[in-house]
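Participant: Sharing a structure here in structure tokens format.
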Amino acid sequence: MGNLKLKKHVSEVAKNALGKQYVLGRKEKVSRGALNIGRYYALDSSLGAEVYVDILRPHIILICGKRGYGKSYTMGVFVEEIARLEEEIKNNLGVVVVDTLGIFWPMHFPNMANVEKLSRWDDTPKGVDINLLVPKKFVNEYRSKGIDAHSFSIRTSELSPFHWCQLFNVKYTDPFGIVLTRAVLKMQSESNRFSIQELLECIKIDKRSNDAVCGVAENFLAMAESWGIFDRVGMGVNEIVTRGGIAVLDISHLSDQTLKVIVTSLVGEKIYEERVQERKIYELKKMGHDVEENGIPMVWLAIDEAQLFLPDGKNSLSKDVFINKWMRQGRQPGLSLLLATQRPSSLDQEIMSHCDIILCHRLTSQEDISALGKIRPVHMQEGIRESIKKMGDEKGVALVIDDTSESVHIIKIRHRHSWHGGAEPLVIEPQ
Ligand SMILES: Nc1ncnc2c1ncn2[C@@H]1O[C@H](COP(=O)(O)OP(=O)(O)OP(=O)(O)O)[C@@H](O)[C@H]1O
Ligand SMILES: [Mg+2]
């Protein structure tokens, strides 16, 4: 498509948007349950009609783009929009943001730095009511800085021998791996509540254990205790996902990447299991049975830096949860994913085929453009490379590939109402 043709296409879309409420990710024309994420963007940088994304159905959305061009910012816009949905819709949804860098807690505050820019879009600054969850060990640190944080923990008994061996990077067949596996299975068979200390005691009284293995166990389990995330009781999934609630799971303090992956996978797994159960109740209710939907609502899980959790090539725990379950089977239980990555080429390539909306900010690496190019849908009349080039280098501008309406657009994401915590720090503020 030439320049002119693309321009015409964009303005056609804008016209549709004005007249018919054009919604990305949706076939029907319904005016409710849509997120207003920005405006159509013409090649002369002028802005067209508002852009909406469907929220009534589950979606898998990928946001990509090079460093500093708006991925986390856009993710925040989606969260803000869910937060301001009408109550009836919002109450059937719960949002969980997995925050690996600790940049989402400032969403609680209004974006006072951009009052003027917001007013140009007829918007005003507004904070989002979030439930900031941090590992129990760090709660006081946040509170001492005046940040309202709540304790988050994982029940120790939920970790399988496989999880423990991964965390400590030991093999099942190592002397310590053998004893650890035996102890975890024994404790799990006796109770679903035990502490790390009780697990250690179990290893120590194992007759087939020896001093060397006990020493290793003491060191490793002391390390696990120091992470401050595992707990005898732990947090229930219904305390993380609530109706209309936005939970920010700040795991930035967990220094070990494997630990971040395990924690996120365990949360993802529990949400999946709960929603599979809840779906049965939803079905019975639809058939007219007198049952109450009191489980967790449909879930939107946002994962920034997704390449860390769903890397290409390597098998990982999170791939089993998020690709095999959330992506392949998540539509039925009502699970949606919002993923962001700098490196689409580093993501497991199956992910692209599951995404129904791809939002691509500026991208210049050949490798990443080629990775996206592989999914070039039939309705795209020109290559991804050419389309990305045309977007220019304005921050917040994105190419959108929408599988549902089989269309491609260039849009400008709107300004944030809430404070964006991911901006680059500057040595001095420019005059
Ligand atoms: N839609 C937008 N409107 C206005 N400014 C924006 C928009 N999107 C991004 N920006 C600007 O770009 C900056 C960087 O955005 P963001 O933090 O989202 O980058 P990123 O793509 O997540 O980068 P990284 O890969 O380093 O995490 C923001 O601090 C903001 O100043
Ligand atoms: Mg970012």
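Identifiers for the structure tokens are assigned positionally: chains receive A, B, ... in sequence, residues are indexed from 1 per chain, and ligands are indexed from 1 in the order shown.
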Give the residue list for ligand 2 at 10 Å, counting only C-alpha atoms and all ligand atoms, as an mmCIF file with all heavy atoms, in the first residue's frame, sorted by chain and then by residue number.
Facilitator:
data_model
loop_
_atom_site.group_PDB
_atom_site.id
_atom_site.type_symbol
_atom_site.label_atom_id
_atom_site.label_comp_id
_atom_site.auth_asym_id
_atom_site.auth_seq_id
_atom_site.Cartn_x
_atom_site.Cartn_y
_atom_site.Cartn_z
ATOM 1 N N CYS A 64 4.678 -4.582 21.728
ATOM 2 C CA CYS A 64 6.128 -4.663 21.582
ATOM 3 C C CYS A 64 6.686 -3.340 21.084
ATOM 4 O O CYS A 64 5.929 -2.429 20.729
ATOM 5 C CB CYS A 64 6.527 -5.830 20.691
ATOM 6 S SG CYS A 64 5.705 -5.843 19.131
ATOM 7 N N GLY A 65 7.995 -3.231 21.068
ATOM 8 C CA GLY A 65 8.622 -1.990 20.638
ATOM 9 C C GLY A 65 9.968 -1.821 21.324
ATOM 10 O O GLY A 65 10.232 -2.447 22.350
ATOM 11 N N LYS A 66 10.798 -0.962 20.720
ATOM 12 C CA LYS A 66 12.130 -0.811 21.291
ATOM 13 C C LYS A 66 12.087 -0.009 22.581
ATOM 14 O O LYS A 66 11.067 0.606 22.911
ATOM 15 C CB LYS A 66 13.109 -0.218 20.270
ATOM 16 C CG LYS A 66 12.885 1.256 19.963
ATOM 17 C CD LYS A 66 13.812 1.690 18.861
ATOM 18 C CE LYS A 66 15.206 1.981 19.390
ATOM 19 N NZ LYS A 66 16.054 2.589 18.338
ATOM 20 N N ARG A 67 13.192 -0.015 23.266
ATOM 21 C CA ARG A 67 13.304 0.613 24.579
ATOM 22 C C ARG A 67 12.831 2.069 24.579
ATOM 23 O O ARG A 67 13.250 2.868 23.731
ATOM 24 C CB ARG A 67 14.786 0.535 24.958
ATOM 25 C CG ARG A 67 15.098 1.100 26.284
ATOM 26 C CD ARG A 67 16.542 0.886 26.539
ATOM 27 N NE ARG A 67 16.995 1.952 27.443
ATOM 28 C CZ ARG A 67 18.169 1.978 27.997
ATOM 29 N NH1 ARG A 67 19.034 1.029 27.747
ATOM 30 N NH2 ARG A 67 18.487 2.952 28.793
ATOM 31 N N GLY A 68 11.973 2.369 25.516
ATOM 32 C CA GLY A 68 11.581 3.761 25.741
ATOM 33 C C GLY A 68 10.544 4.323 24.785
ATOM 34 O O GLY A 68 10.364 5.533 24.731
ATOM 35 N N TYR A 69 9.818 3.469 24.048
ATOM 36 C CA TYR A 69 8.834 4.003 23.102
ATOM 37 C C TYR A 69 7.376 3.818 23.538
ATOM 38 O O TYR A 69 6.463 4.100 22.790
ATOM 39 C CB TYR A 69 9.085 3.467 21.685
ATOM 40 C CG TYR A 69 10.115 4.321 20.994
ATOM 41 C CD1 TYR A 69 11.462 4.091 21.183
ATOM 42 C CD2 TYR A 69 9.735 5.426 20.235
ATOM 43 C CE1 TYR A 69 12.418 4.915 20.614
ATOM 44 C CE2 TYR A 69 10.685 6.250 19.662
ATOM 45 C CZ TYR A 69 12.023 5.998 19.853
ATOM 46 O OH TYR A 69 12.962 6.824 19.301
ATOM 47 N N GLY A 70 7.187 3.308 24.767
ATOM 48 C CA GLY A 70 5.820 3.356 25.299
ATOM 49 C C GLY A 70 5.137 2.058 25.680
ATOM 50 O O GLY A 70 3.933 2.068 25.907
ATOM 51 N N LYS A 71 5.882 0.940 25.799
ATOM 52 C CA LYS A 71 5.208 -0.338 26.104
ATOM 53 C C LYS A 71 4.559 -0.320 27.497
ATOM 54 O O LYS A 71 3.374 -0.609 27.644
ATOM 55 C CB LYS A 71 6.214 -1.503 26.027
ATOM 56 C CG LYS A 71 6.838 -1.677 24.677
ATOM 57 C CD LYS A 71 7.883 -2.757 24.678
ATOM 58 C CE LYS A 71 9.081 -2.482 25.556
ATOM 59 N NZ LYS A 71 9.896 -1.328 25.165
ATOM 60 N N SER A 72 5.354 0.015 28.499
ATOM 61 C CA SER A 72 4.808 -0.006 29.875
ATOM 62 C C SER A 72 3.744 1.073 30.031
ATOM 63 O O SER A 72 2.757 0.895 30.745
ATOM 64 C CB SER A 72 5.925 0.229 30.899
ATOM 65 O OG SER A 72 6.989 -0.642 30.661
ATOM 66 N N TYR A 73 3.962 2.183 29.359
ATOM 67 C CA TYR A 73 3.016 3.306 29.386
ATOM 68 C C TYR A 73 1.660 2.837 28.837
ATOM 69 O O TYR A 73 0.614 3.045 29.440
ATOM 70 C CB TYR A 73 3.605 4.415 28.511
ATOM 71 C CG TYR A 73 3.014 5.799 28.695
ATOM 72 C CD1 TYR A 73 3.644 6.732 29.503
ATOM 73 C CD2 TYR A 73 1.860 6.175 28.022
ATOM 74 C CE1 TYR A 73 3.137 8.027 29.640
ATOM 75 C CE2 TYR A 73 1.344 7.456 28.156
ATOM 76 C CZ TYR A 73 1.987 8.387 28.961
ATOM 77 O OH TYR A 73 1.484 9.656 29.094
ATOM 78 N N THR A 74 1.726 2.153 27.680
ATOM 79 C CA THR A 74 0.503 1.641 27.052
ATOM 80 C C THR A 74 -0.182 0.618 27.956
ATOM 81 O O THR A 74 -1.407 0.612 28.098
ATOM 82 C CB THR A 74 0.845 0.998 25.681
ATOM 83 O OG1 THR A 74 1.450 2.003 24.869
ATOM 84 C CG2 THR A 74 -0.370 0.446 24.982
ATOM 85 N N MET A 75 0.618 -0.232 28.577
ATOM 86 C CA MET A 75 0.057 -1.227 29.496
ATOM 87 C C MET A 75 -0.722 -0.509 30.600
ATOM 88 O O MET A 75 -1.826 -0.899 30.977
ATOM 89 C CB MET A 75 1.217 -2.035 30.080
ATOM 90 C CG MET A 75 0.796 -3.271 30.792
ATOM 91 S SD MET A 75 2.256 -4.259 31.172
ATOM 92 C CE MET A 75 2.029 -5.625 30.089
ATOM 93 N N THR A 100 7.711 -6.543 37.362
ATOM 94 C CA THR A 100 9.068 -7.060 37.618
ATOM 95 C C THR A 100 10.046 -5.945 37.980
ATOM 96 O O THR A 100 11.098 -6.200 38.537
ATOM 97 C CB THR A 100 9.626 -7.782 36.370
ATOM 98 O OG1 THR A 100 9.423 -6.915 35.261
ATOM 99 C CG2 THR A 100 8.963 -9.097 36.122
ATOM 100 N N LEU A 101 9.710 -4.713 37.608
ATOM 101 C CA LEU A 101 10.664 -3.618 37.841
ATOM 102 C C LEU A 101 10.217 -2.645 38.925
ATOM 103 O O LEU A 101 10.916 -1.660 39.200
ATOM 104 C CB LEU A 101 10.891 -2.839 36.528
ATOM 105 C CG LEU A 101 11.529 -3.623 35.389
ATOM 106 C CD1 LEU A 101 11.527 -2.801 34.117
ATOM 107 C CD2 LEU A 101 12.958 -4.028 35.742
ATOM 108 N N ILE A 103 7.550 -0.577 38.811
ATOM 109 C CA ILE A 103 7.237 0.720 38.191
ATOM 110 C C ILE A 103 5.741 1.019 38.154
ATOM 111 O O ILE A 103 5.336 2.058 37.679
ATOM 112 C CB ILE A 103 7.796 0.820 36.744
ATOM 113 C CG1 ILE A 103 7.238 -0.303 35.867
ATOM 114 C CG2 ILE A 103 9.315 0.827 36.737
ATOM 115 C CD1 ILE A 103 7.527 -0.109 34.389
ATOM 116 N N ASP A 304 4.746 -7.371 32.089
ATOM 117 C CA ASP A 304 5.741 -6.550 31.390
ATOM 118 C C ASP A 304 7.025 -7.384 31.303
ATOM 119 O O ASP A 304 7.211 -8.323 32.088
ATOM 120 C CB ASP A 304 5.977 -5.268 32.215
ATOM 121 C CG ASP A 304 6.462 -4.120 31.340
ATOM 122 O OD1 ASP A 304 6.781 -4.364 30.170
ATOM 123 O OD2 ASP A 304 6.536 -2.979 31.842
ATOM 124 N N GLU A 305 7.896 -7.071 30.377
ATOM 125 C CA GLU A 305 9.144 -7.830 30.194
ATOM 126 C C GLU A 305 8.827 -9.327 30.016
ATOM 127 O O GLU A 305 9.423 -10.190 30.672
ATOM 128 C CB GLU A 305 10.097 -7.631 31.387
ATOM 129 C CG GLU A 305 10.331 -6.185 31.809
ATOM 130 C CD GLU A 305 11.133 -5.374 30.791
ATOM 131 O OE1 GLU A 305 11.844 -5.991 29.970
ATOM 132 O OE2 GLU A 305 11.027 -4.138 30.799
ATOM 133 N N ALA A 340 3.993 -7.481 27.355
ATOM 134 C CA ALA A 340 4.825 -6.451 26.718
ATOM 135 C C ALA A 340 6.255 -6.943 26.628
ATOM 136 O O ALA A 340 6.758 -7.602 27.551
ATOM 137 C CB ALA A 340 4.766 -5.149 27.525
ATOM 138 N N THR A 341 6.890 -6.654 25.509
ATOM 139 C CA THR A 341 8.296 -7.039 25.355
ATOM 140 C C THR A 341 9.053 -6.102 24.419
ATOM 141 O O THR A 341 8.489 -5.573 23.462
ATOM 142 C CB THR A 341 8.441 -8.495 24.842
ATOM 143 O OG1 THR A 341 9.826 -8.830 24.815
ATOM 144 C CG2 THR A 341 7.888 -8.676 23.435
ATOM 145 N N GLN A 342 10.342 -5.943 24.741
ATOM 146 C CA GLN A 342 11.237 -5.180 23.862
ATOM 147 C C GLN A 342 11.675 -6.051 22.703
ATOM 148 O O GLN A 342 12.050 -5.576 21.656
ATOM 149 C CB GLN A 342 12.502 -4.874 24.687
ATOM 150 C CG GLN A 342 12.757 -3.443 24.950
ATOM 151 C CD GLN A 342 14.033 -3.265 25.754
ATOM 152 O OE1 GLN A 342 15.075 -3.882 25.466
ATOM 153 N NE2 GLN A 342 13.977 -2.426 26.746
ATOM 154 N N GLY A 421 5.439 5.337 36.197
ATOM 155 C CA GLY A 421 6.667 5.166 36.979
ATOM 156 C C GLY A 421 7.851 4.671 36.173
ATOM 157 O O GLY A 421 8.929 4.485 36.712
ATOM 158 N N GLY A 422 7.679 4.455 34.881
ATOM 159 C CA GLY A 422 8.774 3.838 34.132
ATOM 160 C C GLY A 422 9.634 4.807 33.342
ATOM 161 O O GLY A 422 10.480 4.394 32.559
ATOM 162 N N ALA A 423 9.415 6.119 33.548
ATOM 163 C CA ALA A 423 10.182 7.089 32.749
ATOM 164 C C ALA A 423 11.667 7.033 33.095
ATOM 165 O O ALA A 423 12.049 6.674 34.207
ATOM 166 C CB ALA A 423 9.634 8.492 32.998
ATOM 167 N N GLU A 424 12.479 7.414 32.112
ATOM 168 C CA GLU A 424 13.934 7.430 32.320
ATOM 169 C C GLU A 424 14.300 8.537 33.299
ATOM 170 O O GLU A 424 13.850 9.678 33.138
ATOM 171 C CB GLU A 424 14.584 7.813 30.988
ATOM 172 C CG GLU A 424 15.319 6.701 30.328
ATOM 173 C CD GLU A 424 15.678 7.101 28.902
ATOM 174 O OE1 GLU A 424 15.548 8.283 28.525
ATOM 175 O OE2 GLU A 424 16.077 6.219 28.188
#
Participant: Would you kindly return, as number ranges by chain, each protein, DNA or RNA residue with an atom no farther than 12 Å from any atom of Leu266 of chain A, considering only C-alpha atoms and excluding same-chain residues fewer than 2 positions away?
Facilitator: A: 153-160, 163, 230, 234-237, 259-264, 268-273, 317-322
Participant: Applying 9 Å and only C-alpha atoms, which residues near Trp121 of chain A remain after dropping the ones on its own chain fewer than 3 positions away? List them as a tab-separated table (two decimals) with N, CA and C atoms, in the first residue's frame.
Facilitator:
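The resulting selection06.tsv:
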chain	number	residue	atom	x	y	z
A	117	LYS	N	-0.90	18.66	28.73
A	117	LYS	CA	-1.06	17.71	27.60
A	117	LYS	C	-2.40	16.99	27.71
A	118	LEU	N	-2.77	16.61	28.93
A	118	LEU	CA	-4.05	15.91	29.11
A	118	LEU	C	-5.22	16.81	28.74
A	124	THR	N	-8.17	14.77	32.35
A	124	THR	CA	-7.59	15.34	33.57
A	124	THR	C	-6.81	14.25	34.31
A	414	ARG	N	-3.21	7.34	24.06
A	414	ARG	CA	-3.51	8.58	24.77
A	414	ARG	C	-2.53	8.80	25.95
A	415	HIS	N	-2.57	10.00	26.52
A	415	HIS	CA	-1.72	10.28	27.67
A	415	HIS	C	-2.25	9.56	28.90
Participant: Which of segment 36-200 of chain A end up as strand (DSSP E or B) when DSSP is run on this backbone - answer as a VMD selection string?
Facilitator: chain A and resid 36 to 41 47 to 54 60 to 64 93 to 99 110 131 to 135 149 to 152 154 to 155
Participant: Set the distance at 7 Å and use only C-alpha atoms: which residues neighbour Ile60 of chain A once local chain neighbours fewer than 2 positions away are removed? I'd like the list as a ChimeraX atom specification.
Facilitator: /A:62,336-338,354-357
Participant: Tell me which of A:Ala42, A:Ile55, A:Ile428, A:Val397 sits closest to ligand 1, counting only C-alpha atoms and all ligand atoms.
Facilitator: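 Among the listed residues, A:Val397 lies closest to ligand 1.
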Participant: List every residue of segment 341-380 of chain A that DSSP, applied to the backbone of this structure, assigns to alpha helix (DSSP H), and report them as a ChimeraX atom specification.
Facilitator: /A:350-354,366-373
Participant: Might you pull out every residue within 12 Å of Gly228 of chain A, with only C-alpha atoms counted and same-chain residues fewer than 2 positions away left off, and present them as a PyMOL selection string?
Facilitator: chain A and resi 134-139+151-156+195-196+221-226+230-232+234+251+253-255+259
Participant: Could you dump the residues just selected with N, CA, C and O atoms as a CSV table (one decimal), in the first residue's frame?
Facilitator:
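New file again.csv:
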chain,number,residue,atom,x,y,z
A,134,VAL,N,3.3,-6.7,47.9
A,134,VAL,CA,4.7,-6.9,47.9
A,134,VAL,C,5.0,-8.0,48.8
A,134,VAL,O,4.3,-8.3,49.7
A,135,PRO,N,6.2,-8.7,48.5
A,135,PRO,CA,6.5,-9.8,49.4
A,135,PRO,C,6.5,-9.3,50.9
A,135,PRO,O,6.9,-8.2,51.2
A,136,LYS,N,5.9,-10.2,51.8
A,136,LYS,CA,5.7,-9.7,53.2
A,136,LYS,C,6.9,-9.1,53.8
A,136,LYS,O,6.7,-8.1,54.6
A,137,LYS,N,8.0,-9.5,53.5
A,137,LYS,CA,9.3,-8.9,54.1
A,137,LYS,C,9.5,-7.4,53.8
A,137,LYS,O,10.1,-6.7,54.5
A,138,PHE,N,8.9,-7.0,52.6
A,138,PHE,CA,9.2,-5.6,52.2
A,138,PHE,C,8.0,-4.6,52.5
A,138,PHE,O,8.1,-3.4,52.2
A,139,VAL,N,7.0,-5.1,53.1
A,139,VAL,CA,5.8,-4.3,53.3
A,139,VAL,C,6.2,-3.0,54.1
A,139,VAL,O,5.8,-1.9,53.8
A,151,SER,N,0.8,-7.2,52.2
A,151,SER,CA,1.7,-8.3,52.2
A,151,SER,C,1.2,-9.4,51.2
A,151,SER,O,0.0,-9.7,51.1
A,152,PHE,N,2.2,-10.0,50.4
A,152,PHE,CA,1.9,-11.0,49.5
A,152,PHE,C,2.8,-12.2,49.8
A,152,PHE,O,4.0,-12.1,50.1
A,153,SER,N,2.2,-13.4,49.9
A,153,SER,CA,3.0,-14.6,50.1
A,153,SER,C,2.4,-15.8,49.4
A,153,SER,O,1.2,-15.8,49.1
A,154,ILE,N,3.3,-16.8,49.2
A,154,ILE,CA,2.9,-18.0,48.6
A,154,ILE,C,2.9,-19.1,49.7
A,154,ILE,O,3.9,-19.2,50.5
A,155,ARG,N,1.9,-20.0,49.7
A,155,ARG,CA,1.9,-21.1,50.7
A,155,ARG,C,3.0,-22.1,50.4
A,155,ARG,O,3.1,-22.6,49.2
A,156,THR,N,3.8,-22.4,51.4
A,156,THR,CA,5.0,-23.2,51.1
A,156,THR,C,4.6,-24.6,50.6
A,156,THR,O,5.3,-25.1,49.7
A,195,SER,N,5.7,-24.8,57.4
A,195,SER,CA,6.7,-23.8,57.2
A,195,SER,C,8.0,-24.3,56.6
A,195,SER,O,8.2,-25.5,56.6
A,196,ILE,N,8.8,-23.4,56.2
A,196,ILE,CA,10.1,-23.8,55.7
A,196,ILE,C,10.9,-24.5,56.8
A,196,ILE,O,11.6,-25.5,56.7
A,221,LEU,N,17.6,-23.7,52.6
A,221,LEU,CA,16.3,-23.3,53.2
A,221,LEU,C,16.4,-22.0,53.9
A,221,LEU,O,15.4,-21.2,54.0
A,222,ALA,N,17.6,-21.6,54.5
A,222,ALA,CA,17.8,-20.3,55.1
A,222,ALA,C,17.7,-19.2,54.0
A,222,ALA,O,17.1,-18.2,54.2
A,223,MET,N,18.2,-19.6,52.8
A,223,MET,CA,18.1,-18.6,51.7
A,223,MET,C,16.7,-18.5,51.3
A,223,MET,O,16.2,-17.3,51.1
A,224,ALA,N,15.9,-19.6,51.2
A,224,ALA,CA,14.5,-19.5,50.8
A,224,ALA,C,13.7,-18.6,51.8
A,224,ALA,O,12.9,-17.8,51.5
A,225,GLU,N,14.1,-18.8,53.1
A,225,GLU,CA,13.4,-18.0,54.2
A,225,GLU,C,13.7,-16.5,54.0
A,225,GLU,O,12.8,-15.7,54.1
A,226,SER,N,14.9,-16.2,53.6
A,226,SER,CA,15.3,-14.8,53.4
A,226,SER,C,14.6,-14.1,52.3
A,226,SER,O,14.6,-12.9,52.2
A,230,PHE,N,7.6,-17.0,51.0
A,230,PHE,CA,6.9,-18.3,51.3
A,230,PHE,C,6.4,-18.2,52.8
A,230,PHE,O,7.1,-17.8,53.7
A,231,ASP,N,5.3,-18.8,52.9
A,231,ASP,CA,4.6,-18.7,54.2
A,231,ASP,C,3.8,-19.9,54.5
A,231,ASP,O,3.3,-20.5,53.6
A,232,ARG,N,3.6,-20.3,55.8
A,232,ARG,CA,2.9,-21.5,56.1
A,232,ARG,C,1.4,-21.4,55.6
A,232,ARG,O,0.9,-22.4,55.1
A,234,GLY,N,0.1,-18.5,53.5
A,234,GLY,CA,0.1,-18.0,52.2
A,234,GLY,C,-1.2,-17.3,51.8
A,234,GLY,O,-2.2,-17.2,52.6
A,251,ILE,N,7.1,-7.8,42.2
A,251,ILE,CA,8.1,-8.8,42.5
A,251,ILE,C,9.5,-8.3,42.2
A,251,ILE,O,10.4,-9.1,42.1
A,253,HIS,N,11.6,-7.0,44.1
A,253,HIS,CA,12.6,-7.3,45.1
A,253,HIS,C,13.1,-8.7,45.1
A,253,HIS,O,14.1,-9.0,45.7
A,254,LEU,N,12.5,-9.5,44.3
A,254,LEU,CA,13.0,-10.9,44.3
A,254,LEU,C,14.1,-10.9,43.3
A,254,LEU,O,13.9,-10.8,42.1
A,255,SER,N,15.3,-11.0,43.8
A,255,SER,CA,16.5,-10.8,42.9
A,255,SER,C,16.7,-11.9,41.9
A,255,SER,O,17.3,-11.7,40.9
A,259,LEU,N,13.1,-17.4,40.7
A,259,LEU,CA,12.1,-17.2,41.8
A,259,LEU,C,10.9,-16.4,41.2
A,259,LEU,O,9.8,-16.7,41.5
Participant: Check the smallest atom-to-atom distance from each of A:Phe220, A:Tyr282, A:Tyr41, A:Tyr142 to ligand 1 using only C-alpha atoms and all ligand atoms, then report the winner.
Facilitator: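 Ranked by minimum distance to ligand 1, first place goes to A:Tyr41.
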Participant: Suppose you want the space between atom CA of Pro106 of chain A and atom CA of Leu132 of chain A; what is it in Å?
Facilitator: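 Interatomic distance, atom CA of Pro106 of chain A to atom CA of Leu132 of chain A: 9.9 Å.
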